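See below for the structure under consideration.
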Amino acid sequence: MSGAETPLIEPGQLAAELSRPEPPTLLDVRWRLAGPPGRDDYAAGHLPGAVFVDLDTALCGPPGVAGRHPLPDPAALQAALRAAGVRAGHPVVVYDGGDGMAAARAWWTLRWAGHRQVRLLHGGWPAWLAAGLPTSTETPTPAPGDVTVRPGALPVLDTAAAAALAAADAGVLLDVRAAPRYRGESEPIDPVAGHVPGAVNLPAPQYVADGRFPSAEALRERFAAVGVTGDAPVGAYCGSGVTAAQAVLALHLAGRPDAALYVGSWSEWVADPARPVATGQTPRP
């Protein structure tokens, strides 16, 4: 993985890049699954020059049978990114409130849309504050961008492909939700508890903590423990494709840029009652 393609940037390095004549485009994508909208956090303070982009309405499509956070319409995504000042061939840095989930979904969405030069601020807003770096309450008005969205630059699983990967002898479909949700013991959001038959559980805290990732070697060991080895296909899903995008980022850091995201995730899977649901624990490969 070359330096230009490294998905993470630390606060000090970002501060240095922001002082250059051509700084990266900054996107604030703070978001909560439940609670006040991220825009309120942005208004209270953000990185200087950052533009707020809403994950629910700009980076995802409307919720429905394709899940709670389906793929965005390419034309709508292009319009939102251009309004935020995203330019073709110009680097972008995304950040969130610290857990890294929304920022990872933003990173994934831009990469899927064909924009290669995008990184995630490691540790997000809290890491920036902890470093004692400046903040702002001014809302910038960026010059319109000219990015062109070209969907498909990162691999995506639909329901059929997710089912096939989970059932395959070679390959692993990771379910990165909390273990009780995976086992079917509780489901706080979706109408049905359980998992895609054959999927293997790897809860997100096992590979990321407080929005920060361990070393590439540690990540490889953790993924290998659930059967992600060699070049066998691997994909990930969660409740709605946000936490799983962070898993895909972790797989990129571990040297697996071919990792696929099941964007619809569990919220799409259970939208059709004919799809099978497994409970209990699937043995790890």
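Simple scheme: letters A, B, ... for chains in structure tokens order, numbers from 1 for residues in each chain, numbers from 1 for ligands in the order shown.
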
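Near range 174-187 of chain A, within 7 Å and counting only C-alpha atoms, sit A:Ala193, A:Gly194, A:His195, A:Ala199, A:Val200, A:Asn201, A:Leu202, A:Pro203, A:Ala204, A:Gly235, A:Ala236, A:Tyr237, A:Cys238, A:Gly239, A:Ala244, A:Thr279, A:Gly280, A:Gln281, not including residues fewer than 6 positions from it in the same chain.
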
I need the residues from that last selection saved to file as a PDB file, in the first residue's frame (with N, CA, C and O atoms), if you can.
ATOM      1  N   ALA A 193     -33.984 -11.188  14.763  1.00  0.00           N
ATOM      2  CA  ALA A 193     -32.639 -11.416  15.286  1.00  0.00           C
ATOM      3  C   ALA A 193     -32.023 -12.641  14.622  1.00  0.00           C
ATOM      4  O   ALA A 193     -32.725 -13.526  14.141  1.00  0.00           O
ATOM      5  N   GLY A 194     -30.709 -12.701  14.600  1.00  0.00           N
ATOM      6  CA  GLY A 194     -30.010 -13.828  14.008  1.00  0.00           C
ATOM      7  C   GLY A 194     -28.984 -13.355  12.993  1.00  0.00           C
ATOM      8  O   GLY A 194     -28.569 -12.192  13.005  1.00  0.00           O
ATOM      9  N   HIS A 195     -28.574 -14.278  12.096  1.00  0.00           N
ATOM     10  CA  HIS A 195     -27.544 -13.921  11.126  1.00  0.00           C
ATOM     11  C   HIS A 195     -27.729 -14.682   9.822  1.00  0.00           C
ATOM     12  O   HIS A 195     -28.524 -15.616   9.737  1.00  0.00           O
ATOM     13  N   ALA A 199     -22.474 -17.190   8.082  1.00  0.00           N
ATOM     14  CA  ALA A 199     -21.635 -16.037   8.431  1.00  0.00           C
ATOM     15  C   ALA A 199     -20.929 -16.276   9.755  1.00  0.00           C
ATOM     16  O   ALA A 199     -21.444 -16.954  10.645  1.00  0.00           O
ATOM     17  N   VAL A 200     -19.750 -15.701   9.886  1.00  0.00           N
ATOM     18  CA  VAL A 200     -18.917 -15.855  11.079  1.00  0.00           C
ATOM     19  C   VAL A 200     -18.906 -14.542  11.844  1.00  0.00           C
ATOM     20  O   VAL A 200     -18.735 -13.471  11.250  1.00  0.00           O
ATOM     21  N   ASN A 201     -19.062 -14.612  13.152  1.00  0.00           N
ATOM     22  CA  ASN A 201     -19.128 -13.407  13.967  1.00  0.00           C
ATOM     23  C   ASN A 201     -17.741 -12.906  14.358  1.00  0.00           C
ATOM     24  O   ASN A 201     -16.906 -13.657  14.857  1.00  0.00           O
ATOM     25  N   LEU A 202     -17.502 -11.619  14.108  1.00  0.00           N
ATOM     26  CA  LEU A 202     -16.305 -10.927  14.577  1.00  0.00           C
ATOM     27  C   LEU A 202     -16.738  -9.531  15.009  1.00  0.00           C
ATOM     28  O   LEU A 202     -16.706  -8.591  14.218  1.00  0.00           O
ATOM     29  N   PRO A 203     -17.197  -9.361  16.256  1.00  0.00           N
ATOM     30  CA  PRO A 203     -17.666  -8.046  16.702  1.00  0.00           C
ATOM     31  C   PRO A 203     -16.610  -6.974  16.515  1.00  0.00           C
ATOM     32  O   PRO A 203     -15.411  -7.207  16.728  1.00  0.00           O
ATOM     33  N   ALA A 204     -17.070  -5.796  16.111  1.00  0.00           N
ATOM     34  CA  ALA A 204     -16.154  -4.710  15.775  1.00  0.00           C
ATOM     35  C   ALA A 204     -15.103  -4.417  16.840  1.00  0.00           C
ATOM     36  O   ALA A 204     -13.941  -4.144  16.497  1.00  0.00           O
ATOM     37  N   GLY A 235     -15.975 -10.875   2.825  1.00  0.00           N
ATOM     38  CA  GLY A 235     -16.918  -9.764   2.820  1.00  0.00           C
ATOM     39  C   GLY A 235     -17.381  -9.512   4.234  1.00  0.00           C
ATOM     40  O   GLY A 235     -17.135 -10.303   5.143  1.00  0.00           O
ATOM     41  N   ALA A 236     -18.062  -8.388   4.442  1.00  0.00           N
ATOM     42  CA  ALA A 236     -18.517  -8.021   5.781  1.00  0.00           C
ATOM     43  C   ALA A 236     -19.896  -7.388   5.715  1.00  0.00           C
ATOM     44  O   ALA A 236     -20.241  -6.710   4.753  1.00  0.00           O
ATOM     45  N   TYR A 237     -20.654  -7.608   6.797  1.00  0.00           N
ATOM     46  CA  TYR A 237     -21.934  -6.927   6.947  1.00  0.00           C
ATOM     47  C   TYR A 237     -22.172  -6.640   8.417  1.00  0.00           C
ATOM     48  O   TYR A 237     -21.505  -7.179   9.305  1.00  0.00           O
ATOM     49  N   CYS A 238     -23.143  -5.760   8.667  1.00  0.00           N
ATOM     50  CA  CYS A 238     -23.514  -5.401  10.038  1.00  0.00           C
ATOM     51  C   CYS A 238     -25.021  -5.214  10.051  1.00  0.00           C
ATOM     52  O   CYS A 238     -25.738  -5.974   9.429  1.00  0.00           O
ATOM     53  N   GLY A 239     -25.510  -4.178  10.739  1.00  0.00           N
ATOM     54  CA  GLY A 239     -26.939  -3.922  10.726  1.00  0.00           C
ATOM     55  C   GLY A 239     -27.395  -3.212   9.466  1.00  0.00           C
ATOM     56  O   GLY A 239     -28.403  -3.568   8.867  1.00  0.00           O
ATOM     57  N   ALA A 244     -19.886  -2.183   9.122  1.00  0.00           N
ATOM     58  CA  ALA A 244     -19.190  -3.104   8.225  1.00  0.00           C
ATOM     59  C   ALA A 244     -18.237  -2.373   7.290  1.00  0.00           C
ATOM     60  O   ALA A 244     -17.225  -2.937   6.859  1.00  0.00           O
ATOM     61  N   THR A 279     -29.484 -18.873  13.902  1.00  0.00           N
ATOM     62  CA  THR A 279     -29.226 -18.414  15.254  1.00  0.00           C
ATOM     63  C   THR A 279     -28.143 -19.279  15.870  1.00  0.00           C
ATOM     64  O   THR A 279     -27.693 -20.259  15.271  1.00  0.00           O
ATOM     65  N   GLY A 280     -27.715 -18.893  17.065  1.00  0.00           N
ATOM     66  CA  GLY A 280     -26.621 -19.627  17.690  1.00  0.00           C
ATOM     67  C   GLY A 280     -25.290 -19.195  17.127  1.00  0.00           C
ATOM     68  O   GLY A 280     -25.173 -18.154  16.484  1.00  0.00           O
ATOM     69  N   GLN A 281     -24.285 -20.022  17.331  1.00  0.00           N
ATOM     70  CA  GLN A 281     -22.925 -19.692  16.935  1.00  0.00           C
ATOM     71  C   GLN A 281     -22.455 -20.566  15.799  1.00  0.00           C
ATOM     72  O   GLN A 281     -22.460 -21.796  15.903  1.00  0.00           O
TER      73      GLN A 281
END

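When only C-alpha atoms are used to measure the gap to Trp269 in chain A, the shortest distance among A:Gly61, A:Gly12, A:Pro134, A:Gly67 belongs to A:Gly67.
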
**Study point:** Exercise: Arg116 in chain A partners within 12 Å, only C-alpha atoms, chain neighbours under 3 positions left out, as a PyMOL selection string
**Key:** chain A and resi 2+4-7+86-93+107-113+119+147-150+153-154

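Residues within 8 Å of Arg105 in chain A, counting only C-alpha atoms and excluding same-chain residues fewer than 4 positions away, are Met101, Thr109, Gly241, Val242, Thr243, Ala245 and Gln246 of chain A.
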
Selection file, N, CA and C atoms, as a PDB file, in the first residue's frame:
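In the end it all went to out.pdb:
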ATOM      1  N   MET A 101     -16.916   5.049  12.636  1.00  0.00           N
ATOM      2  CA  MET A 101     -17.854   4.315  11.797  1.00  0.00           C
ATOM      3  C   MET A 101     -18.383   5.158  10.647  1.00  0.00           C
ATOM      4  N   THR A 109     -17.580   5.053   0.695  1.00  0.00           N
ATOM      5  CA  THR A 109     -18.469   5.569  -0.343  1.00  0.00           C
ATOM      6  C   THR A 109     -17.687   6.346  -1.400  1.00  0.00           C
ATOM      7  N   GLY A 241     -24.703  -1.567   7.167  1.00  0.00           N
ATOM      8  CA  GLY A 241     -23.603  -1.266   6.263  1.00  0.00           C
ATOM      9  C   GLY A 241     -22.707  -0.123   6.682  1.00  0.00           C
ATOM     10  N   VAL A 242     -22.842   0.373   7.918  1.00  0.00           N
ATOM     11  CA  VAL A 242     -21.966   1.435   8.404  1.00  0.00           C
ATOM     12  C   VAL A 242     -20.788   0.838   9.172  1.00  0.00           C
ATOM     13  N   THR A 243     -21.070   0.077  10.224  1.00  0.00           N
ATOM     14  CA  THR A 243     -19.996  -0.580  10.965  1.00  0.00           C
ATOM     15  C   THR A 243     -19.207  -1.514  10.057  1.00  0.00           C
ATOM     16  N   ALA A 245     -18.534  -1.116   6.946  1.00  0.00           N
ATOM     17  CA  ALA A 245     -17.588  -0.344   6.140  1.00  0.00           C
ATOM     18  C   ALA A 245     -16.289  -0.141   6.906  1.00  0.00           C
ATOM     19  N   GLN A 246     -16.391  -0.008   8.225  1.00  0.00           N
ATOM     20  CA  GLN A 246     -15.190   0.102   9.055  1.00  0.00           C
ATOM     21  C   GLN A 246     -14.414  -1.218   9.035  1.00  0.00           C
TER      22      GLN A 246
END

Exercise for review: Could you please determine the separation between CA of Leu71 in chain A and CA of Gly152 in chain A in Å, to one decimal place?
Suggested key: 10.7 Å

Exercise for review: Write out as a PyMOL selection string all residues of range 5-227 of chain A that backbone DSSP assigns to helix (DSSP H, G or I).
Suggested key: chain A and resi 5+11-18+38-44+55-59+74-83+101-112+124-130+159-167+179-183+204-206+216-224

Point to revise | DSSP strand (DSSP E) residues within range 177-248 of chain A, listed as a list of chain:residue names | key: A:Val200, A:Asn201, A:Val234, A:Gly235, A:Ala236, A:Tyr237

Go ahead and dump the residues you just picked, all heavy atoms, as an mmCIF file, in the first residue's frame.
data_model
loop_
_atom_site.group_PDB
_atom_site.id
_atom_site.type_symbol
_atom_site.label_atom_id
_atom_site.label_comp_id
_atom_site.auth_asym_id
_atom_site.auth_seq_id
_atom_site.Cartn_x
_atom_site.Cartn_y
_atom_site.Cartn_z
ATOM 1 N N VAL A 200 -19.750 -15.701 9.886
ATOM 2 C CA VAL A 200 -18.917 -15.855 11.079
ATOM 3 C C VAL A 200 -18.906 -14.542 11.844
ATOM 4 O O VAL A 200 -18.735 -13.471 11.250
ATOM 5 C CB VAL A 200 -17.485 -16.266 10.682
ATOM 6 C CG1 VAL A 200 -16.587 -16.346 11.910
ATOM 7 C CG2 VAL A 200 -17.504 -17.604 9.952
ATOM 8 N N ASN A 201 -19.062 -14.612 13.152
ATOM 9 C CA ASN A 201 -19.128 -13.407 13.967
ATOM 10 C C ASN A 201 -17.741 -12.906 14.358
ATOM 11 O O ASN A 201 -16.906 -13.657 14.857
ATOM 12 C CB ASN A 201 -19.947 -13.697 15.233
ATOM 13 C CG ASN A 201 -20.333 -12.452 16.008
ATOM 14 O OD1 ASN A 201 -20.409 -12.479 17.226
ATOM 15 N ND2 ASN A 201 -20.608 -11.356 15.320
ATOM 16 N N VAL A 234 -13.495 -12.510 0.941
ATOM 17 C CA VAL A 234 -13.976 -12.070 2.242
ATOM 18 C C VAL A 234 -14.910 -10.886 2.048
ATOM 19 O O VAL A 234 -14.693 -10.024 1.191
ATOM 20 C CB VAL A 234 -12.805 -11.698 3.186
ATOM 21 C CG1 VAL A 234 -11.938 -10.590 2.602
ATOM 22 C CG2 VAL A 234 -13.326 -11.305 4.562
ATOM 23 N N GLY A 235 -15.975 -10.875 2.825
ATOM 24 C CA GLY A 235 -16.918 -9.764 2.820
ATOM 25 C C GLY A 235 -17.381 -9.512 4.234
ATOM 26 O O GLY A 235 -17.135 -10.303 5.143
ATOM 27 N N ALA A 236 -18.062 -8.388 4.442
ATOM 28 C CA ALA A 236 -18.517 -8.021 5.781
ATOM 29 C C ALA A 236 -19.896 -7.388 5.715
ATOM 30 O O ALA A 236 -20.241 -6.710 4.753
ATOM 31 C CB ALA A 236 -17.521 -7.060 6.430
ATOM 32 N N TYR A 237 -20.654 -7.608 6.797
ATOM 33 C CA TYR A 237 -21.934 -6.927 6.947
ATOM 34 C C TYR A 237 -22.172 -6.640 8.417
ATOM 35 O O TYR A 237 -21.505 -7.179 9.305
ATOM 36 C CB TYR A 237 -23.082 -7.746 6.348
ATOM 37 C CG TYR A 237 -23.569 -8.918 7.177
ATOM 38 C CD1 TYR A 237 -24.653 -8.781 8.057
ATOM 39 C CD2 TYR A 237 -22.971 -10.172 7.080
ATOM 40 C CE1 TYR A 237 -25.106 -9.851 8.800
ATOM 41 C CE2 TYR A 237 -23.421 -11.243 7.818
ATOM 42 C CZ TYR A 237 -24.491 -11.086 8.689
ATOM 43 O OH TYR A 237 -24.938 -12.154 9.431
#

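Interatomic distance, CA of Asp41 in chain A against CA of Asp28 in chain A: 9.7 Å.
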